[in-house]
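What's in target-v3.csv: CSV, C-alpha atoms and all ligand atoms
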chain,number,residue,atom,x,y,z
A,25,MET,CA,0.6,-62.9,31.2
A,26,GLY,CA,-2.3,-60.4,31.2
A,27,LYS,CA,-1.2,-59.1,34.6
A,28,MET,CA,2.4,-58.7,33.5
A,29,ARG,CA,1.3,-56.6,30.5
A,30,THR,CA,-0.8,-54.3,32.6
A,31,GLN,CA,2.2,-53.9,35.0
A,32,SER,CA,4.6,-53.1,32.2
A,33,VAL,CA,2.1,-50.6,30.8
A,34,ARG,CA,1.9,-49.0,34.2
A,35,TRP,CA,5.7,-48.8,34.5
A,36,ARG,CA,6.0,-47.3,31.1
A,37,ALA,CA,3.5,-44.6,32.1
A,38,VAL,CA,5.4,-43.9,35.2
A,39,ALA,CA,8.6,-43.6,33.3
A,40,VAL,CA,7.1,-41.2,30.7
A,41,LEU,CA,5.7,-39.1,33.5
A,42,ALA,CA,9.0,-39.0,35.3
A,43,SER,CA,10.9,-38.0,32.3
A,44,ALA,CA,8.3,-35.4,31.5
A,45,LEU,CA,8.8,-34.0,35.0
A,46,LEU,CA,12.6,-34.1,34.6
A,47,VAL,CA,12.4,-32.2,31.3
A,48,GLY,CA,9.9,-29.8,32.8
A,49,GLY,CA,12.2,-29.3,35.8
A,50,VAL,CA,15.3,-28.7,33.6
A,51,ALA,CA,13.3,-26.3,31.5
A,52,ALA,CA,12.0,-24.5,34.5
A,53,CYS,CA,15.6,-24.3,35.9
A,54,GLY,CA,16.8,-23.0,32.6
A,55,ASN,CA,14.2,-20.3,32.9
A,56,SER,CA,15.0,-19.1,36.3
A,57,ASP,CA,18.8,-19.2,35.6
A,58,THR,CA,18.5,-17.1,32.6
A,59,GLY,CA,15.4,-15.2,33.4
A,60,GLY,CA,13.6,-17.0,30.5
A,61,GLY,CA,16.3,-16.3,28.0
A,62,GLY,CA,17.5,-13.1,29.7
A,63,SER,CA,21.2,-12.3,30.0
A,64,LYS,CA,21.2,-11.6,33.7
A,65,ASP,CA,19.8,-13.3,36.7
A,66,ASP,CA,18.5,-10.3,38.6
A,67,GLY,CA,14.9,-11.3,38.3
A,68,LYS,CA,14.1,-8.3,36.2
A,69,ILE,CA,12.3,-8.8,32.9
A,70,THR,CA,14.2,-7.3,29.9
A,71,MET,CA,12.1,-6.3,26.9
A,72,GLY,CA,13.5,-5.4,23.5
A,73,PHE,CA,11.0,-3.1,21.6
A,74,SER,CA,11.3,-2.2,18.0
A,75,GLN,CA,9.3,0.9,17.2
A,76,VAL,CA,8.2,1.9,13.6
A,77,GLY,CA,9.5,5.4,13.8
A,78,ALA,CA,8.3,8.8,14.9
A,79,GLU,CA,6.1,9.6,11.9
A,80,SER,CA,3.0,10.9,13.7
A,81,GLY,CA,1.5,12.3,16.9
A,82,TRP,CA,0.0,8.9,17.4
A,83,ARG,CA,3.5,7.3,17.3
A,84,THR,CA,5.0,9.8,19.7
A,85,ALA,CA,2.2,9.2,22.2
A,86,ASN,CA,2.6,5.4,21.7
A,87,THR,CA,6.4,5.6,22.4
A,88,THR,CA,5.8,7.7,25.6
A,89,SER,CA,3.2,5.2,26.8
A,90,ILE,CA,5.6,2.2,26.3
A,91,LYS,CA,8.5,3.9,28.0
A,92,GLU,CA,6.5,5.2,30.9
A,93,SER,CA,4.7,1.8,31.4
A,94,ALA,CA,8.0,-0.1,31.3
A,95,THR,CA,9.4,2.0,34.1
A,96,ALA,CA,6.2,1.7,36.1
A,97,ALA,CA,6.1,-2.1,35.7
A,98,GLY,CA,9.8,-2.5,36.6
A,99,ILE,CA,10.7,-3.8,33.2
A,100,GLU,CA,14.0,-3.0,31.6
A,101,LEU,CA,13.3,-1.6,28.2
A,102,LYS,CA,15.7,-1.7,25.2
A,103,PHE,CA,14.1,0.6,22.6
A,104,ASP,CA,14.9,1.0,19.0
A,105,ASP,CA,13.4,3.5,16.4
A,106,ALA,CA,13.4,1.9,13.0
A,107,GLN,CA,12.7,5.1,11.0
A,108,GLN,CA,10.0,3.4,9.1
A,109,LYS,CA,12.3,0.8,7.6
A,110,GLN,CA,11.7,-3.0,7.9
A,111,GLU,CA,15.4,-3.8,7.5
A,112,ASN,CA,16.1,-1.7,10.6
A,113,GLN,CA,13.4,-3.6,12.5
A,114,ILE,CA,14.8,-7.0,11.5
A,115,LYS,CA,18.3,-5.8,12.6
A,116,ALA,CA,17.0,-4.6,16.0
A,117,ILE,CA,15.1,-7.9,16.6
A,118,ARG,CA,18.3,-9.9,15.7
A,119,ASN,CA,20.2,-7.8,18.2
A,120,TYR,CA,17.6,-8.5,20.9
A,121,ILE,CA,17.9,-12.2,20.2
A,122,GLN,CA,21.6,-12.0,20.5
A,123,GLN,CA,21.3,-10.1,23.8
A,124,LYS,CA,19.0,-12.8,25.0
A,125,VAL,CA,16.2,-10.4,26.1
A,126,ASP,CA,13.3,-12.1,27.9
A,127,VAL,CA,10.6,-10.7,25.6
A,128,ILE,CA,10.5,-9.1,22.2
A,129,ALA,CA,7.7,-6.7,21.3
A,130,PHE,CA,7.4,-4.7,18.1
A,131,SER,CA,5.1,-2.7,15.8
A,132,PRO,CA,5.7,-4.1,12.3
A,133,VAL,CA,6.0,-1.2,9.8
A,134,VAL,CA,4.6,-3.5,7.0
A,135,GLU,CA,2.6,-6.7,7.3
A,136,SER,CA,4.7,-9.1,5.2
A,137,GLY,CA,8.2,-10.6,5.4
A,138,TRP,CA,8.6,-11.4,9.0
A,139,ASP,CA,8.6,-15.3,9.1
A,140,THR,CA,12.4,-15.8,9.1
A,141,VAL,CA,13.2,-13.4,11.9
A,142,LEU,CA,10.2,-14.5,14.0
A,143,LYS,CA,11.3,-18.1,13.5
A,144,GLU,CA,14.8,-17.1,14.8
A,145,ALA,CA,13.2,-15.6,17.9
A,146,LYS,CA,11.1,-18.7,18.4
A,147,ASP,CA,14.1,-21.0,18.1
A,148,ALA,CA,15.9,-19.0,20.7
A,149,GLY,CA,13.0,-19.4,23.0
A,150,ILE,CA,12.1,-15.7,23.2
A,151,PRO,CA,8.4,-14.9,23.2
A,152,VAL,CA,7.2,-12.2,20.8
A,153,ILE,CA,4.3,-9.8,21.3
A,154,LEU,CA,3.0,-7.9,18.3
A,155,THR,CA,2.0,-4.4,19.4
A,156,ASP,CA,-0.3,-2.0,17.5
A,157,ARG,CA,0.2,-3.6,14.0
A,158,SER,CA,0.0,-7.2,13.0
A,159,VAL,CA,1.9,-9.4,10.5
A,160,ASP,CA,0.4,-11.7,7.8
A,161,SER,CA,2.4,-14.8,8.8
A,162,ALA,CA,0.4,-18.0,8.3
A,163,ASP,CA,2.2,-19.7,11.3
A,164,LYS,CA,0.4,-18.2,14.3
A,165,THR,CA,2.9,-19.9,16.7
A,166,LEU,CA,5.5,-17.4,15.7
A,167,TYR,CA,4.1,-14.9,18.2
A,168,LYS,CA,2.2,-15.1,21.5
A,169,THR,CA,-0.4,-12.4,20.9
A,170,PHE,CA,-1.4,-9.3,19.0
A,171,LEU,CA,-2.3,-6.3,21.0
A,172,GLY,CA,-3.9,-3.4,19.0
A,173,SER,CA,-6.9,-1.9,17.3
A,174,ASP,CA,-9.3,-3.2,14.7
A,175,PHE,CA,-8.3,-1.1,11.8
A,176,VAL,CA,-10.9,-2.5,9.4
A,177,LYS,CA,-13.5,-1.3,11.9
A,178,GLU,CA,-12.0,2.2,12.1
A,179,GLY,CA,-12.3,2.5,8.3
A,180,ARG,CA,-15.8,1.1,8.4
A,181,LEU,CA,-16.9,3.6,11.1
A,182,ALA,CA,-15.5,6.4,9.0
A,183,GLY,CA,-17.3,5.2,5.9
A,184,GLU,CA,-20.6,4.6,7.6
A,185,TRP,CA,-20.6,8.2,9.0
A,186,LEU,CA,-20.0,9.5,5.4
A,187,VAL,CA,-22.8,7.3,4.0
A,188,GLU,CA,-25.2,8.8,6.6
A,189,GLN,CA,-24.0,12.4,5.8
A,190,LYS,CA,-24.4,12.0,2.1
A,191,LYS,CA,-27.6,9.9,2.0
A,192,THR,CA,-29.6,12.7,0.2
A,193,ALA,CA,-26.8,13.4,-2.3
A,194,SER,CA,-28.4,13.3,-5.8
A,195,GLY,CA,-25.1,13.3,-7.8
A,196,PRO,CA,-21.6,11.9,-7.5
A,197,VAL,CA,-19.6,12.6,-4.3
A,198,ASN,CA,-15.9,12.6,-5.2
A,199,ILE,CA,-13.6,11.2,-2.5
A,200,VAL,CA,-9.8,11.4,-2.3
A,201,GLU,CA,-7.9,9.0,0.0
A,202,LEU,CA,-4.6,9.6,1.8
A,203,GLN,CA,-3.3,6.1,2.7
A,204,GLY,CA,-0.7,5.2,5.3
A,205,ASN,CA,2.6,3.7,4.3
A,206,THR,CA,2.4,1.1,1.6
A,207,GLY,CA,1.9,-2.4,3.0
A,208,ALA,CA,1.1,-1.4,6.6
A,209,ALA,CA,-1.7,-3.1,8.3
A,210,PRO,CA,-3.6,0.1,9.2
A,211,ALA,CA,-3.3,1.3,5.6
A,212,ASN,CA,-4.5,-1.9,4.1
A,213,ASP,CA,-7.3,-2.4,6.7
A,214,ARG,CA,-8.6,1.2,6.9
A,215,LYS,CA,-8.8,1.3,3.1
A,216,LYS,CA,-10.7,-2.0,3.1
A,217,GLY,CA,-13.2,-1.0,5.9
A,218,PHE,CA,-13.9,2.4,4.4
A,219,GLY,CA,-14.3,1.0,0.9
A,220,GLU,CA,-16.8,-1.7,2.1
A,221,ALA,CA,-18.9,0.9,4.0
A,222,ILE,CA,-19.2,3.4,1.2
A,223,ALA,CA,-20.2,0.7,-1.3
A,224,ALA,CA,-23.7,1.1,0.3
A,225,ASN,CA,-24.1,4.3,-1.8
A,226,PRO,CA,-23.0,4.1,-5.5
A,227,ASN,CA,-22.8,7.9,-5.5
A,228,LEU,CA,-19.8,7.8,-3.3
A,229,LYS,CA,-16.7,7.3,-5.4
A,230,ILE,CA,-13.0,7.2,-4.5
A,231,ILE,CA,-11.5,9.2,-7.4
A,232,ALA,CA,-7.8,9.2,-6.2
A,233,SER,CA,-6.0,7.2,-3.5
A,234,GLN,CA,-2.2,7.5,-2.7
A,235,PRO,CA,0.1,6.8,0.2
A,236,GLY,CA,1.1,9.9,2.3
A,237,ASP,CA,3.1,7.7,4.7
A,238,PHE,CA,1.2,8.8,7.8
A,239,THR,CA,3.2,12.0,7.9
A,240,ARG,CA,2.1,15.7,7.7
A,241,ALA,CA,4.6,16.4,4.9
A,242,GLY,CA,3.3,13.4,3.0
A,243,GLY,CA,-0.3,14.5,3.5
A,244,LYS,CA,0.4,18.0,2.3
A,245,GLN,CA,2.3,17.0,-0.8
A,246,VAL,CA,-0.1,14.3,-2.0
A,247,MET,CA,-3.1,16.6,-1.3
A,248,GLU,CA,-1.5,19.3,-3.5
A,249,GLN,CA,-1.3,16.8,-6.3
A,250,PHE,CA,-4.9,15.6,-5.8
A,251,LEU,CA,-6.1,19.3,-5.9
A,252,LYS,CA,-4.2,20.0,-9.1
A,253,ALA,CA,-5.5,16.9,-10.9
A,254,ASN,CA,-9.1,17.0,-9.7
A,255,PRO,CA,-11.2,20.1,-10.0
A,256,LYS,CA,-14.1,18.7,-7.9
A,257,ILE,CA,-13.1,17.1,-4.6
A,258,ASP,CA,-15.9,16.8,-2.0
A,259,VAL,CA,-14.4,14.5,0.6
A,260,LEU,CA,-10.9,13.6,2.0
A,261,PHE,CA,-10.5,10.4,3.9
A,262,ALA,CA,-7.0,10.4,5.5
A,263,HIS,CA,-5.8,7.3,7.3
A,264,ASN,CA,-4.5,9.4,10.1
A,265,ASP,CA,-4.8,12.9,11.7
A,266,ASP,CA,-1.3,14.0,10.7
A,267,MET,CA,-1.9,13.5,7.0
A,268,GLY,CA,-5.2,15.3,7.4
A,269,LEU,CA,-3.4,18.2,9.1
A,270,GLY,CA,-0.8,18.4,6.3
A,271,ALA,CA,-3.6,18.4,3.8
A,272,LEU,CA,-5.3,21.4,5.5
A,273,GLU,CA,-2.4,23.5,4.3
A,274,ALA,CA,-2.7,22.4,0.7
A,275,ILE,CA,-6.5,22.9,0.8
A,276,THR,CA,-6.3,26.4,2.2
A,277,ALA,CA,-3.5,27.3,-0.2
A,278,ALA,CA,-5.8,26.2,-3.1
A,279,GLY,CA,-8.4,28.7,-1.8
A,280,LYS,CA,-10.8,26.1,-0.4
A,281,VAL,CA,-12.3,26.0,3.1
A,282,PRO,CA,-11.5,22.7,4.9
A,283,GLY,CA,-14.5,21.2,6.7
A,284,LYS,CA,-16.9,23.1,4.4
A,285,ASP,CA,-15.8,22.9,0.8
A,286,ILE,CA,-14.2,19.6,1.5
A,287,THR,CA,-15.5,17.2,4.2
A,288,ILE,CA,-12.5,15.8,6.1
A,289,ILE,CA,-12.5,12.4,7.8
A,290,THR,CA,-9.4,11.1,9.6
A,291,VAL,CA,-8.4,8.3,12.1
A,292,ASP,CA,-6.5,8.6,15.4
A,293,ALA,CA,-8.0,11.5,17.5
A,294,VAL,CA,-4.6,12.8,18.8
A,295,LYS,CA,-4.8,16.3,20.3
A,296,ASP,CA,-4.0,18.3,17.2
A,297,GLY,CA,-6.5,16.3,15.2
A,298,MET,CA,-9.2,16.8,17.9
A,299,GLN,CA,-8.4,20.6,17.9
A,300,ALA,CA,-8.9,20.7,14.1
A,301,LEU,CA,-12.2,18.9,14.5
A,302,ALA,CA,-13.3,21.2,17.3
A,303,ASP,CA,-12.4,24.2,15.1
A,304,GLY,CA,-14.6,22.9,12.3
A,305,LYS,CA,-11.7,22.1,9.9
A,306,PHE,CA,-12.1,18.3,10.2
A,307,ASN,CA,-15.6,16.8,10.2
A,308,PHE,CA,-15.2,13.3,11.8
A,309,ILE,CA,-12.5,11.2,13.5
A,310,ALA,CA,-12.5,7.5,14.2
A,311,GLU,CA,-10.4,7.0,17.3
A,312,CYS,CA,-7.3,4.8,17.5
A,313,SER,CA,-5.7,4.6,20.9
A,314,PRO,CA,-1.9,4.7,21.2
A,315,LEU,CA,-1.9,4.1,25.0
A,316,LEU,CA,-0.9,0.4,24.7
A,317,GLY,CA,1.9,0.5,27.2
A,318,PRO,CA,0.2,-0.7,30.4
A,319,GLN,CA,-1.4,-3.7,28.6
A,320,LEU,CA,1.8,-4.6,26.9
A,321,MET,CA,3.8,-4.7,30.1
A,322,ASP,CA,1.1,-6.8,31.7
A,323,LEU,CA,1.3,-9.3,28.8
A,324,ALA,CA,5.1,-9.3,28.9
A,325,LYS,CA,4.9,-10.4,32.6
A,326,LYS,CA,2.4,-13.1,31.7
A,327,VAL,CA,4.2,-14.6,28.7
A,328,HIS,CA,7.5,-14.5,30.7
A,329,ALA,CA,5.8,-16.5,33.5
A,330,GLY,CA,4.7,-19.0,30.9
A,331,GLU,CA,1.0,-18.2,31.2
A,332,THR,CA,-1.2,-18.5,28.2
A,333,VAL,CA,-2.6,-15.2,26.9
A,334,PRO,CA,-5.4,-14.6,24.4
A,335,ALA,CA,-4.2,-14.7,20.8
A,336,ARG,CA,-5.8,-11.3,20.1
A,337,ILE,CA,-6.4,-8.3,22.4
A,338,GLU,CA,-8.4,-5.5,20.9
A,339,THR,CA,-8.1,-1.9,22.0
A,340,GLU,CA,-11.4,-0.1,22.9
A,341,GLU,CA,-12.2,2.9,20.8
A,342,THR,CA,-14.9,5.4,19.8
A,343,THR,CA,-15.6,8.1,17.2
A,344,PHE,CA,-15.9,11.9,17.4
A,345,THR,CA,-18.0,14.5,15.7
A,346,GLN,CA,-17.1,18.2,16.0
A,347,GLU,CA,-19.4,18.7,19.0
A,348,GLN,CA,-18.0,15.6,20.7
A,349,ALA,CA,-14.4,16.8,20.1
A,350,LYS,CA,-15.2,20.2,21.8
A,351,GLU,CA,-16.3,18.3,24.9
A,352,ALA,CA,-13.5,15.8,24.9
A,353,LEU,CA,-10.6,18.1,24.1
A,354,PRO,CA,-9.9,19.5,27.6
A,355,ASN,CA,-9.3,16.0,29.0
A,356,ARG,CA,-7.4,14.6,26.0
A,357,LYS,CA,-4.2,13.0,27.2
A,358,TYR,CA,-2.3,12.8,23.9
A,401,LIG,O1,-2.9,5.5,13.0
A,401,LIG,C1,-0.7,6.4,12.6
A,401,LIG,C2,0.6,5.9,12.8
A,401,LIG,O2,-0.2,1.9,13.5
A,401,LIG,C3,-2.2,2.6,14.4
A,401,LIG,O3,0.5,4.5,12.7
A,401,LIG,C4,-0.9,3.0,14.0
A,401,LIG,C5,-0.8,4.1,12.9
A,401,LIG,C6,-1.5,5.4,13.3
A,401,LIG,O4,1.6,6.5,12.1
A,401,LIG,O5,-0.9,7.7,13.0

For this file, produce the structure as structure tokens.
Ligand code: GYE
Amino acid sequence: MGKMRTQSVRWRAVAVLASALLVGGVAACGNSDTGGGGSKDDGKITMGFSQVGAESGWRTANTTSIKESATAAGIELKFDDAQQKQENQIKAIRNYIQQKVDVIAFSPVVESGWDTVLKEAKDAGIPVILTDRSVDSADKTLYKTFLGSDFVKEGRLAGEWLVEQKKTASGPVNIVELQGNTGAAPANDRKKGFGEAIAANPNLKIIASQPGDFTRAGGKQVMEQFLKANPKIDVLFAHNDDMGLGALEAITAAGKVPGKDITIITVDAVKDGMQALADGKFNFIAECSPLLGPQLMDLAKKVHAGETVPARIETEETTFTQEQAKEALPNRKY
């Protein structure tokens, strides 16, 4: 009796193993037939990429990096520019699902509201890679990995530099803040990191904070309003170079000297921003690298092959003072 039971347990184990192998085999077959969900069987990986837009120098460099790296990696890229609209991104992702691409990658314009479409991609068996910006979905199985910067850290580095600069200030230091587009991860996180860092000195106060949508036009327009409403502005913290560059025009038009009358701190370190820093118009930049293409293509190959990848891959970054910008500028790639 005891022996029979052991035997039947053994048989059951063999049966389970066999069916697992069968299912695995069928799944693997399915993968190679369709290229992991792909429409053609030419062995080439197809990636559908939904880009935020073309709002800044950073974004332009990011798009170039993605396109060039796809070509270099032999990945067929379907690319869509969502013009800063979430609805356009959702539409593009649904198209990619319909076209049965192998991998979907996108840079979410805002953090919230992605669960439904991500679930659709998951149900279709298409892996998703978050690039540059993240989502706030509680279900982390909706995407394979998030490749991008630590935006809280960038804000904190900007704030810590300011705390150091103003450590001997005896009175209030009035700060205005140009935020990125409302609801975007880099806008939320840079605000948070900066705010936490400047809390170290109660003299440092944010007296106005508005979105300038990461664009030069937005930066200029909102800075004009700030200058009209606030006679004493000591510092501008702009969530990216482009808004800072737009604000320069408003500051000069108001008869103030940027970099002297108003200390200017930005994020990104694209060429035009670095030039303004080297010229003494900006005072400090926290770097954010847009060159994510090569790592993204590498990850796409891995997830397509069914390999496990780290849930979070952080970009390496630094900061620049005016002197450091002068040194780095000749070799700046973007
Ligand atoms: O800082 C800004 C761009 O998501 C990190 O988006 C990116 C940000 C970047 O428009 O310039």

Find the nearest atom pair between each residue of chain A and ligand LIG 401 (chain A) for residues within 9 Å, count all atoms listed in the file, give distances in Å to one decimal, sort rows by chain and ascending number, and present the table as JSON lines.
{"residue": "A:Val76", "atom": "CA", "partner": "A:LIG401", "partner_atom": "O3", "distance": 8.2}
{"residue": "A:Gly77", "atom": "CA", "partner": "A:LIG401", "partner_atom": "O4", "distance": 8.2}
{"residue": "A:Ala78", "atom": "CA", "partner": "A:LIG401", "partner_atom": "O4", "distance": 7.6}
{"residue": "A:Glu79", "atom": "CA", "partner": "A:LIG401", "partner_atom": "O4", "distance": 5.5}
{"residue": "A:Ser80", "atom": "CA", "partner": "A:LIG401", "partner_atom": "O4", "distance": 4.9}
{"residue": "A:Gly81", "atom": "CA", "partner": "A:LIG401", "partner_atom": "O5", "distance": 6.5}
{"residue": "A:Trp82", "atom": "CA", "partner": "A:LIG401", "partner_atom": "O5", "distance": 4.6}
{"residue": "A:Arg83", "atom": "CA", "partner": "A:LIG401", "partner_atom": "C2", "distance": 5.5}
{"residue": "A:Thr84", "atom": "CA", "partner": "A:LIG401", "partner_atom": "O4", "distance": 9.0}
{"residue": "A:Asn86", "atom": "CA", "partner": "A:LIG401", "partner_atom": "C4", "distance": 8.8}
{"residue": "A:Ser131", "atom": "CA", "partner": "A:LIG401", "partner_atom": "O2", "distance": 7.4}
{"residue": "A:Pro132", "atom": "CA", "partner": "A:LIG401", "partner_atom": "O2", "distance": 8.5}
{"residue": "A:Val133", "atom": "CA", "partner": "A:LIG401", "partner_atom": "O2", "distance": 7.9}
{"residue": "A:Thr155", "atom": "CA", "partner": "A:LIG401", "partner_atom": "O2", "distance": 8.9}
{"residue": "A:Asp156", "atom": "CA", "partner": "A:LIG401", "partner_atom": "O2", "distance": 5.6}
{"residue": "A:Arg157", "atom": "CA", "partner": "A:LIG401", "partner_atom": "O2", "distance": 5.5}
{"residue": "A:Gly172", "atom": "CA", "partner": "A:LIG401", "partner_atom": "C3", "distance": 7.7}
{"residue": "A:Ser173", "atom": "CA", "partner": "A:LIG401", "partner_atom": "C3", "distance": 7.1}
{"residue": "A:Phe175", "atom": "CA", "partner": "A:LIG401", "partner_atom": "C3", "distance": 7.6}
{"residue": "A:Gly204", "atom": "CA", "partner": "A:LIG401", "partner_atom": "O4", "distance": 7.3}
{"residue": "A:Asn205", "atom": "CA", "partner": "A:LIG401", "partner_atom": "O4", "distance": 8.3}
{"residue": "A:Ala208", "atom": "CA", "partner": "A:LIG401", "partner_atom": "O2", "distance": 7.8}
{"residue": "A:Ala209", "atom": "CA", "partner": "A:LIG401", "partner_atom": "O2", "distance": 7.4}
{"residue": "A:Pro210", "atom": "CA", "partner": "A:LIG401", "partner_atom": "O2", "distance": 5.8}
{"residue": "A:Ala211", "atom": "CA", "partner": "A:LIG401", "partner_atom": "C5", "distance": 8.2}
{"residue": "A:Asp237", "atom": "CA", "partner": "A:LIG401", "partner_atom": "O4", "distance": 7.6}
{"residue": "A:Phe238", "atom": "CA", "partner": "A:LIG401", "partner_atom": "O4", "distance": 4.9}
{"residue": "A:Thr239", "atom": "CA", "partner": "A:LIG401", "partner_atom": "O4", "distance": 7.1}
{"residue": "A:His263", "atom": "CA", "partner": "A:LIG401", "partner_atom": "O1", "distance": 6.6}
{"residue": "A:Asn264", "atom": "CA", "partner": "A:LIG401", "partner_atom": "O5", "distance": 4.9}
{"residue": "A:Asp265", "atom": "CA", "partner": "A:LIG401", "partner_atom": "O5", "distance": 6.6}
{"residue": "A:Asp266", "atom": "CA", "partner": "A:LIG401", "partner_atom": "O5", "distance": 6.7}
{"residue": "A:Met267", "atom": "CA", "partner": "A:LIG401", "partner_atom": "O5", "distance": 8.4}
{"residue": "A:Val291", "atom": "CA", "partner": "A:LIG401", "partner_atom": "O1", "distance": 6.2}
{"residue": "A:Asp292", "atom": "CA", "partner": "A:LIG401", "partner_atom": "O1", "distance": 5.3}
{"residue": "A:Val294", "atom": "CA", "partner": "A:LIG401", "partner_atom": "O5", "distance": 8.6}
{"residue": "A:Glu311", "atom": "CA", "partner": "A:LIG401", "partner_atom": "O1", "distance": 8.8}
{"residue": "A:Cys312", "atom": "CA", "partner": "A:LIG401", "partner_atom": "O1", "distance": 6.3}
{"residue": "A:Ser313", "atom": "CA", "partner": "A:LIG401", "partner_atom": "C3", "distance": 7.6}
{"residue": "A:Pro314", "atom": "CA", "partner": "A:LIG401", "partner_atom": "C3", "distance": 7.1}

Item to check | Residue among A:Glu178, A:Glu100, A:Glu331, A:Glu144 lying closest to A:Asn119, counting only C-alpha atoms | outcome: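 Closest to A:Asn119 of all the choices is A:Glu144.
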
Item to check | Pick from A:Arg240, A:Lys252, A:Lys280, A:Lys295, whichever lies nearest to A:Ala352 using all atoms listed in the file | outcome: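 Answer, going by the shortest atom-to-atom distance: A:Lys295.
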
Checklist entry - Hey, can you check how far atom CA of A:Gln245 sits from atom CA of A:Asn198? => result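 Spanning atom CA of A:Gln245 to atom CA of A:Asn198 is a straight-line distance of 19.2 Å.
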
Checklist entry - Do you have the atom CA of A:Thr339-atom CA of A:Phe170 distance handy? => result 10.4 Å

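If you look at atom CA of A:Leu181 and atom CA of A:Glu273, they are 25.5 Å away from each other.
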
Checklist entry - Taking into account only C-alpha atoms, which residue in the set A:Val134, A:Val281, A:Leu154, A:Ile257 is nearest to A:Leu320? => result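 Checking each of A:Val134, A:Val281, A:Leu154, A:Ile257 against A:Leu320, counting only C-alpha atoms, the winner is A:Leu154.
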
Item to check | Closest of A:Ala129, A:Ala224, A:Ile114, A:Leu171 to A:Leu101 - atom-to-atom distances counting only C-alpha atoms | outcome: A:Ala129

Item to check | Best match for closeness to A:Val333 among A:Leu251, A:Ile199, A:Ile153, A:Leu228, counting all atoms listed in the file | outcome: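 Answer, going by the shortest atom-to-atom distance: A:Ile153.
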
Next on the checklist: So that I can check the surroundings of A:Ala182, please list as a ChimeraX atom specification every protein, DNA and RNA residue that reaches within 12 Å of it, counting all atoms listed in the file and ignoring chain neighbours fewer than 3 positions away.
Outcome noted: /A:175-179,185-189,214-222,259-264,287-292,307-312,342-345

Checklist entry - Given the choices A:Asn225, A:Asp174, A:Leu323, A:Thr87, which gets closest to A:Ala193 if the distance is worked out from all atoms listed in the file? => result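 Of all the options, A:Asn225 lies closest to A:Ala193.
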
Item to check | Residues within 8 Å of A:Ala97, all atoms listed in the file, excluding chain neighbours under 4 positions, as a list of chain:residue names | outcome: A:Ser93, A:Met321, A:Asp322
